[in-house]
Every structure is written in structure tokens, then in C-alpha cells.
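Chemist: I have a structure I would like to understand better, so I am pasting it below and will then ask my questions one at a time.
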Amino acid sequence: MANHRKPKLAVWKFSSCDGCQLSLLDCEDELLSVVGAVDIANFPEASRAVMKGPYDISLVEGSITTPHEAERIHQVRRQSKLLITIGACATAGGIQALKNFKDVKDFISAVYASPEYIETLAKSTPIADHVFVDYELRGCPINKYQLVEVLNAFLNGRKPNTPAYSVCMECKRRGTVCVMVAQGIACMGPVVHAGCGAICPSYHRGCYGCFGPKETPNTGSLSEWWKQLGISENDIVRGFRGFNAYADAFRKESELHEV
Amino acid sequence: MKSKINSSRTIKVDYLARVEGEGALTVKIKDGSVSDVQFKIFEPPRFFEALLRGRKFSDAPDITSRICGICPIAYQMSSVHAMENIFGVKLDAQLRALRRLIYCGEWIESHVLHVYMLHAPDFLGYQDVIQLAKDHPEIVQKALRLKKIGNDIVTLLGGREIHPINVRVGGFYRVPTKKELASLTANLEWARDVAVETIKFTATLPFPEFEQDYEFVALRHQDEYPFNEGRLVSNKGLDIPIREYENHFVEEHVEHSNALHSVMKNRGSYFVGPLARYSLNFDKLTPLCQETARSVGLGETCNNPFKGIIVRSVETLYAIEEALRIIKNYEMPDAPSAPFEIKAGVGQGCTEAPRGILFHRYTLDEKGDIVNAKIVPPTSQNQKTIERDLKEYVKANINLPTDKLTWQCEQTIRNYDPCISCATHFLKLNFIHE
């Protein structure tokens, strides 16, 4: 028997800036169609109304940085048929994972006068370190059209079309002249996952890695190219330690250049 | 005849909705009077000030924009102005105007989001904008188009609407052509009319009588409604340059919150944001803004925080008119950014985020690396005032049934459009009847 109940969509926030869930509200042209296709069952940024689980699709934004979050993500997983992480925080730990390379105690005392009030874990970690994740959508922030594509795909029982090739492919496609070859601008594009549409090079700026590593990135080769452009070891470290610093490929490459 | 539950109770909201971030509120009522109010922020700390140490000066606009997905431009603007103050960079008039223009886009997008999607449902008795859209699809469709026009400005100038990539110390990576900017004009002209309608619509909403005596703090510029520059002024005599901010304002760390509370030295709580900007800069608004505000009965100052929804609508109109003016006068500058030499020093920047003044201070070494950073977002500056409002509001409405009072307390908080992501991030509301 066909079940005409609309799928229940929930949005969950962990340590993050709210930007990725805002992408849903920023789908001005598609928003009313999206909310027509699902029941928004839990989306506190937008609504007071809360429906009880289980949920058909949970979108999870943010990384795990506190003991409470490390417990709460298991509750979310238990109530969700499909769990999709959205954004660099949820898929790689986010910019706050820069603390993973330092002593967290120094961090707390740098910001707060009374560190004893603050509860935090030593590392900021992606959701997949804690629970099984059905699908990861990259980006800092995510691309709202990719979000609509992923929701559309899951609602219609097909695989989302979010290619794992590099930003270079997107530059070629939009006809942007390579900023590294033509202008000698340091660009992370060759090792970075596509998805943004190669925005930075089209604004005469090198890619800085919002979407994290592409599949099988040759980070070592990129570092060599950067050195030939006169980029210092310290700047190579800072380049890989951006919004996806704790993604494996970037973390390992950055550690090779640490002095 | 007071009901028994009203004399001593606790009102609790565990997860405040329709705000950016994670927060809660506890109001304790004992023997018919308010004994304690705690506006609690349990957004996990992300330690931005510490993350910035050892990063390059040029990373600051990209990293700090990630504090908040709703107002990334504000973070980019305060950080680049702070850096430019260290290096002594002067921007030419068109680059300066483009910075105002991108800020106009953020104000439109952020204010429309708050007015229609987060705040209006409270006044009209809806749980959210989706329910509102079922009964009034035409209002919501217009609102979405209006919001999109703000986002279009940010996307054109910034590359994308959330965490734009084009702002840098000294200017931009790339500046638009005249033709590109002119493509925004037709939509902005439509938006101007809709913004006037929005002011008229919001003025018809039911407002509680709730005038408070606030100390309003905002930037004030000699020629224009403030975005990026000016002096910090208040309605109670403050008038200082931005670099003296820390001589007058201090942050306190309180136990119930992961955000630092900001207070004015020896004076206590103060109020930043649209109401403060409006009340201190009414004379700098355009004639159409002033006229429309007057026509709906809004005075030159506004002390009722619930009417913030009207003031945001007036500021939306201002941002649209200002965007049109900048686009009309635009000439493409020779270079997308001004040249500068890196040097060591301390620099401050303070700009008007949609929610109020956002202060940044950086110390750089001679290589241009960040030695330390301090960031004071608007919501942490308003936090004490929000608690004060709640106390006064509950006192005046203590006989309301708990569910109604709870909703109105949430609304009292939403008046400030609090961005808890900024103040750190999560709002939770608890009323405790002891």
C-alpha cells in the first residue's frame, strides 16, 4: 500500500555558525516547494513547532566539541532513518578544529576569564567520528543548490549528483583562466572537492579549500608547486589548516610542513 | 483573583526557537514577583580569538566571517577596518562605497529574514513562517523575493551569500563593472516599494505598551547613516572614537553563559542594534524613510523594543535606497584594492552589523601575523539589556497564563534578533516557579 505521509525532515545544530542551515532558508526560489514536499518536524532556527521522531531525514550541522554534544548526536542518530551531515564543521570538524593542533587549556584561558565555567572537549571532531553517517555534503558553507539536489535525490530514492572531482574541473567548465599558472597565485583548487562552482578563481583569488579534500588528492605535489611560487613552509601549513584542517589528507600534509 | 500557579512558578523554555544559535531562558517567580532572570547561552564555545593567534592578518576576514552565517559581512568589515587602521590604508571613494553596498545587501537579507520569518509569526500567532505561508502565501513570497534581492547584492559583490570570498584588507579581490551593478537596479526599485509596504504592514501589528529607558549606543557619522565608520555615541552623553571603545566597555564572564556579557564601565547595561541606530541617526535617514516612519506613527526615537520590527523595516528601506544611490553613482575604480605596507601595531574596527555594533581589535607583529585578537559581537552587548527587559516584562504581565507568558518572553528575546552564534550560539527558556 502506498503511504502518502510526507517524509519528516529535521535539522540539528552542533558547534557551528548556522550558515549551512541558513542555506535552506536562502533557497528563496525553492523554499516553498521544499517545505511542500516534506514535513518540517524539527528546525528550531525557523520554527517553534516540534514534532516527535523518528525522522525520515536528519540534516546535521556542526561538529562535536562538548561532552553533551557527543551524547546528543547518538540520540539524533537513533531517531533518524537517514542522517546527512551538512558543511565543513559536520564533515571535518570545521575551523574550530584548529584547536586540535594546540593545547585546549591555552585556548580556553585566551578567551574566557573564568575557564572553570567552560565545558569543552580537547578536539573538535566530525559527526562520522561518532555515529554512522549516510551522506556527507561538503562546504563552508554548503552550496544551497547541492542541498536541494541531495534532498531531491533522497526523497526520490536516487543517488545525489555531487561530484568528488577537483575545483579545477569547475574552473575549466566556467572558462576561468588558471590563476596559479597565469598569475602565480597560490591556489588549493587541484586538491579541493568541487561544489562551490569555483568562485574564488573567478574573483581573481586562489581557492582556499572550503569544500575539503577531493577524492585521492595529491597534496604533496601541490605543496611542491606552492614552494616553487615562493610560498613558505609556514604558509603551506596555514593553507592546509583552514576550514577543513582536520580532514585527513589536509591534516597529514600540514603536519609534514610544520617546523 | 490570582490563580495559585501565578504566585510562584518557573517558566522554562529549553530551546528557544527562531533565533540564530542555542540558548535558554529561566525566569523564577516567587510570591508573585520576579526573583531571577537568566538568559542563558549554551552555544558551545568555538574559541575564535584563540584560533586567530598566529594566523596572517589577511586570514582575519575569512576566519571571523565563520563566526556567523547570518552576518558574515559584518565580521569581514570590522576585521578589515581594524587591519587598515594598523597599516594606515585609505580607500578611494568608490571602494568605500562598494563596502557600504555589500553591507546594504547583508542588512536587507538579515532584516527581512528576521522581520518576516523569525519575528512576524510571533505577532500573528503562528509557530513559524511555513504556517504563515499557508494562510498568506503572497506575503511570504514577497518577503522571499525581498530577501533574495539582499542576497543578490552580497552574491554579486562577495561571490556567494554566506561567507563571501571577495572582501580583503585594502578593498576587494575583484570589483564589478558598471553593467554588472546596474543589473540589480530593476529589482531594487521593486524592493523599494515593497519595503514601504513592509513598514506599513509591520506598523499594524499589535504591540504591547513597553517603553524602557535605555542607553542606546551606535555609530554616528557626520554625513550618512552609519555602516563602517563614525564615532561611538549614546543618548546619554557618550561620544568617543572607535579606538577608545575598550576604555569605556568591559566584558564580564558570567557562570550561566558561554558568551561574555559586555557592560559600560560604571554605567551598566546598554542597547545596540536597529533601535539604537535609528534613535541616534534619524536625521541621516532618507526623506522617504523619515516620511514613511512618521506616517505610521513612529517617532524620531523609539523606546519600545517590540517595535524593533518596524525599525528594521525602515532600515531595510534605507539600505535599498542607499544601494540604488551607490549603484547610480558607481564608476569602476582603477584597482580593486588599495596598496599598503604590512607593519606591526594595534588596530580597532567597529561597524554596524544588522544586530548592532561589532567591535574587533587586533595586535599584529612585524610580519603581519596576529598576536592577539578581541571580538565583541552585538548580542553579547545586548544580553544584559535582554535580561532587564524580561524582568520588567514579566513583572508587568505576571498574571498571564504560563503558556502565553512563555511565548511572550520568547518574543521579548526575539525583539533583539539575538544571534547566539555570534555571542557564542543556543537559546533555552526556563521559568522556575519556586
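Note on naming: chains are A, B, ... as they come in the C-alpha cells, residues start from 1 per chain, ligands start from 1 in the order shown.
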Find the spatial neighbours of Pro206 in chain B, counting only C-alpha atoms, within a cut-off of 9 Å - ignore same-chain residues fewer than 4 positions away - and output them as a list in words.
Modeler: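 Listed by chain and then number, they are Phe123, Leu124 and Thr202 of chain B.
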Chemist: Please produce a file of those selected residues containing all heavy atoms, as an mmCIF file, in the first residue's frame.
Modeler:
```cif
data_model
loop_
_atom_site.group_PDB
_atom_site.id
_atom_site.type_symbol
_atom_site.label_atom_id
_atom_site.label_comp_id
_atom_site.auth_asym_id
_atom_site.auth_seq_id
_atom_site.Cartn_x
_atom_site.Cartn_y
_atom_site.Cartn_z
ATOM 1 N N PHE B 123 3.842 37.922 16.290
ATOM 2 C CA PHE B 123 2.770 38.913 16.383
ATOM 3 C C PHE B 123 1.456 38.366 15.826
ATOM 4 O O PHE B 123 0.383 38.748 16.253
ATOM 5 C CB PHE B 123 3.162 40.178 15.605
ATOM 6 C CG PHE B 123 4.289 40.942 16.230
ATOM 7 C CD1 PHE B 123 5.590 40.783 15.783
ATOM 8 C CD2 PHE B 123 4.049 41.827 17.283
ATOM 9 C CE1 PHE B 123 6.632 41.495 16.359
ATOM 10 C CE2 PHE B 123 5.086 42.550 17.859
ATOM 11 C CZ PHE B 123 6.383 42.382 17.391
ATOM 12 N N LEU B 124 1.567 37.483 14.837
ATOM 13 C CA LEU B 124 0.368 36.984 14.170
ATOM 14 C C LEU B 124 -0.091 35.642 14.725
ATOM 15 O O LEU B 124 -1.074 35.066 14.258
ATOM 16 C CB LEU B 124 0.642 36.861 12.663
ATOM 17 C CG LEU B 124 1.016 38.191 11.982
ATOM 18 C CD1 LEU B 124 1.550 37.951 10.582
ATOM 19 C CD2 LEU B 124 -0.185 39.129 11.938
ATOM 20 N N THR B 202 4.090 46.219 9.113
ATOM 21 C CA THR B 202 4.578 45.918 10.471
ATOM 22 C C THR B 202 3.979 46.891 11.491
ATOM 23 O O THR B 202 3.771 46.519 12.645
ATOM 24 C CB THR B 202 6.119 45.976 10.557
ATOM 25 O OG1 THR B 202 6.582 47.228 10.031
ATOM 26 C CG2 THR B 202 6.761 44.843 9.790
#
```
Chemist: Give the strand (DSSP E or B) residues of range 84-215 of chain A, as DSSP finds them on the backbone, and put them as a PyMOL selection string.
Modeler: chain A and resi 84-86+125+135-137+166+192-193+213
Chemist: Based on the backbone DSSP call, show me all residues of range 49-174 of chain B assigned alpha helix (DSSP H), as number ranges by chain.
Modeler: B: 49-51, 60-65, 72-87, 93-112, 120-124, 129-135, 137-158
Chemist: Okay, now the selection with C-alpha atoms, as a tab-separated table (two decimals), in the first residue's frame?
Modeler:
```
chain	number	residue	atom	x	y	z
B	49	GLU	CA	40.09	34.70	19.44
B	50	ALA	CA	42.48	31.86	20.16
B	51	LEU	CA	42.19	30.37	16.65
B	60	ALA	CA	41.01	37.51	9.65
B	61	PRO	CA	38.10	38.42	7.33
B	62	ASP	CA	37.76	34.80	6.13
B	63	ILE	CA	38.08	33.19	9.56
B	64	THR	CA	35.94	35.64	11.54
B	65	SER	CA	33.13	35.52	8.98
B	72	PRO	CA	29.46	37.32	7.75
B	73	ILE	CA	29.86	40.73	6.08
B	74	ALA	CA	29.81	42.43	9.47
B	75	TYR	CA	32.76	40.30	10.61
B	76	GLN	CA	34.63	40.91	7.38
B	77	MET	CA	34.04	44.66	7.62
B	78	SER	CA	35.09	45.08	11.26
B	79	SER	CA	38.21	42.98	10.72
B	80	VAL	CA	39.42	44.70	7.53
B	81	HIS	CA	38.85	48.14	9.01
B	82	ALA	CA	40.89	47.17	12.07
B	83	MET	CA	43.74	45.94	9.87
B	84	GLU	CA	43.56	49.02	7.66
B	85	ASN	CA	43.84	51.20	10.75
B	86	ILE	CA	47.10	49.44	11.59
B	87	PHE	CA	48.54	49.82	8.09
B	93	ALA	CA	35.59	56.78	-2.67
B	94	GLN	CA	34.26	54.03	-4.96
B	95	LEU	CA	35.83	51.19	-2.97
B	96	ARG	CA	34.43	52.73	0.17
B	97	ALA	CA	31.01	52.93	-1.50
B	98	LEU	CA	31.20	49.26	-2.57
B	99	ARG	CA	31.82	48.33	1.05
B	100	ARG	CA	28.65	50.19	2.01
B	101	LEU	CA	26.82	48.46	-0.82
B	102	ILE	CA	27.72	44.93	0.28
B	103	TYR	CA	26.66	45.89	3.81
B	104	CYS	CA	23.32	47.11	2.41
B	105	GLY	CA	22.86	43.63	0.95
B	106	GLU	CA	23.51	42.00	4.31
B	107	TRP	CA	21.13	44.35	6.16
B	108	ILE	CA	18.36	43.64	3.65
B	109	GLU	CA	18.85	39.87	3.78
B	110	SER	CA	19.21	39.73	7.57
B	111	HIS	CA	16.44	42.21	8.41
B	112	VAL	CA	13.93	40.62	6.03
B	120	ALA	CA	6.26	38.39	12.39
B	121	PRO	CA	4.93	34.89	13.23
B	122	ASP	CA	5.02	35.91	16.93
B	123	PHE	CA	2.77	38.91	16.38
B	124	LEU	CA	0.37	36.98	14.17
B	129	VAL	CA	6.78	31.24	8.56
B	130	ILE	CA	5.70	27.96	6.96
B	131	GLN	CA	2.36	28.12	8.79
B	132	LEU	CA	2.14	31.80	7.91
B	133	ALA	CA	2.74	30.91	4.24
B	134	LYS	CA	-0.25	28.53	4.27
B	135	ASP	CA	-2.63	31.38	5.14
B	137	PRO	CA	1.34	32.88	0.63
B	138	GLU	CA	1.51	36.27	-1.10
B	139	ILE	CA	3.17	37.91	1.93
B	140	VAL	CA	5.75	35.17	2.24
B	141	GLN	CA	6.50	35.06	-1.49
B	142	LYS	CA	7.12	38.80	-1.50
B	143	ALA	CA	9.29	38.50	1.59
B	144	LEU	CA	11.37	35.76	0.00
B	145	ARG	CA	11.89	37.86	-3.12
B	146	LEU	CA	12.88	40.86	-0.99
B	147	LYS	CA	15.35	38.77	0.98
B	148	LYS	CA	16.76	37.38	-2.23
B	149	ILE	CA	17.47	40.89	-3.51
B	150	GLY	CA	19.65	41.50	-0.45
B	151	ASN	CA	21.39	38.20	-1.09
B	152	ASP	CA	21.85	39.11	-4.77
B	153	ILE	CA	23.88	42.17	-3.77
B	154	VAL	CA	26.07	40.10	-1.45
B	155	THR	CA	26.47	37.39	-4.08
B	156	LEU	CA	27.44	39.79	-6.86
B	157	LEU	CA	29.95	41.70	-4.73
B	158	GLY	CA	31.01	38.87	-2.46
```
Chemist: May I have the residues of chain A within 6 Å of chain B, counting only C-alpha atoms, written as a CSV table (one decimal) with N, CA, C and O atoms, in the first residue's frame?
Modeler:
```csv
chain,number,residue,atom,x,y,z
A,15,SER,N,28.2,22.4,17.0
A,15,SER,CA,29.1,23.6,17.1
A,15,SER,C,29.3,24.1,15.6
A,15,SER,O,29.9,23.4,14.8
A,17,CYS,N,28.2,27.8,12.8
A,17,CYS,CA,27.8,29.2,12.7
A,17,CYS,C,26.4,29.4,12.2
A,17,CYS,O,26.0,30.6,12.0
A,18,ASP,N,25.7,28.4,12.0
A,18,ASP,CA,24.3,28.4,11.5
A,18,ASP,C,24.2,28.7,10.0
A,18,ASP,O,23.1,28.7,9.4
A,19,GLY,N,25.3,28.9,9.3
A,19,GLY,CA,25.3,29.2,7.9
A,19,GLY,C,24.7,28.1,7.0
A,19,GLY,O,24.0,28.4,6.1
A,28,GLU,N,15.5,30.9,-1.6
A,28,GLU,CA,14.3,31.7,-1.7
A,28,GLU,C,13.3,31.1,-2.8
A,28,GLU,O,12.1,31.1,-2.6
A,44,PRO,N,14.6,24.4,14.7
A,44,PRO,CA,14.4,25.5,15.7
A,44,PRO,C,14.8,26.8,15.2
A,44,PRO,O,14.2,27.8,15.6
A,45,GLU,N,15.7,26.9,14.2
A,45,GLU,CA,16.1,28.2,13.7
A,45,GLU,C,14.9,28.9,13.0
A,45,GLU,O,14.8,30.1,13.0
A,46,ALA,N,14.0,28.1,12.5
A,46,ALA,CA,12.9,28.6,11.8
A,46,ALA,C,11.5,28.5,12.5
A,46,ALA,O,10.6,29.2,12.2
A,47,SER,N,11.4,27.5,13.4
A,47,SER,CA,10.1,27.3,13.9
A,47,SER,C,10.1,26.9,15.4
A,47,SER,O,11.0,26.2,15.9
A,48,ARG,N,9.0,27.3,16.1
A,48,ARG,CA,8.7,26.9,17.5
A,48,ARG,C,8.2,25.5,17.5
A,48,ARG,O,8.2,24.8,18.5
A,49,ALA,N,7.5,25.1,16.4
A,49,ALA,CA,6.8,23.8,16.4
A,49,ALA,C,7.8,22.6,16.3
A,49,ALA,O,8.7,22.7,15.6
A,96,GLN,N,36.9,25.4,13.9
A,96,GLN,CA,37.2,25.2,15.3
A,96,GLN,C,38.1,24.1,15.6
A,96,GLN,O,38.7,23.9,16.7
A,107,PHE,N,43.7,27.6,25.0
A,107,PHE,CA,42.6,28.2,24.2
A,107,PHE,C,41.5,28.8,25.1
A,107,PHE,O,41.0,29.9,24.9
A,110,ALA,N,42.6,31.9,26.9
A,110,ALA,CA,42.8,33.0,26.0
A,110,ALA,C,41.5,33.8,25.8
A,110,ALA,O,41.5,35.0,25.5
A,117,TYR,N,34.1,27.8,34.1
A,117,TYR,CA,32.7,27.7,33.7
A,117,TYR,C,32.5,27.0,32.3
A,117,TYR,O,31.4,26.8,31.9
A,203,TYR,N,37.0,35.3,-9.1
A,203,TYR,CA,37.2,36.7,-8.4
A,203,TYR,C,38.7,37.0,-8.3
A,203,TYR,O,39.1,37.8,-7.4
```
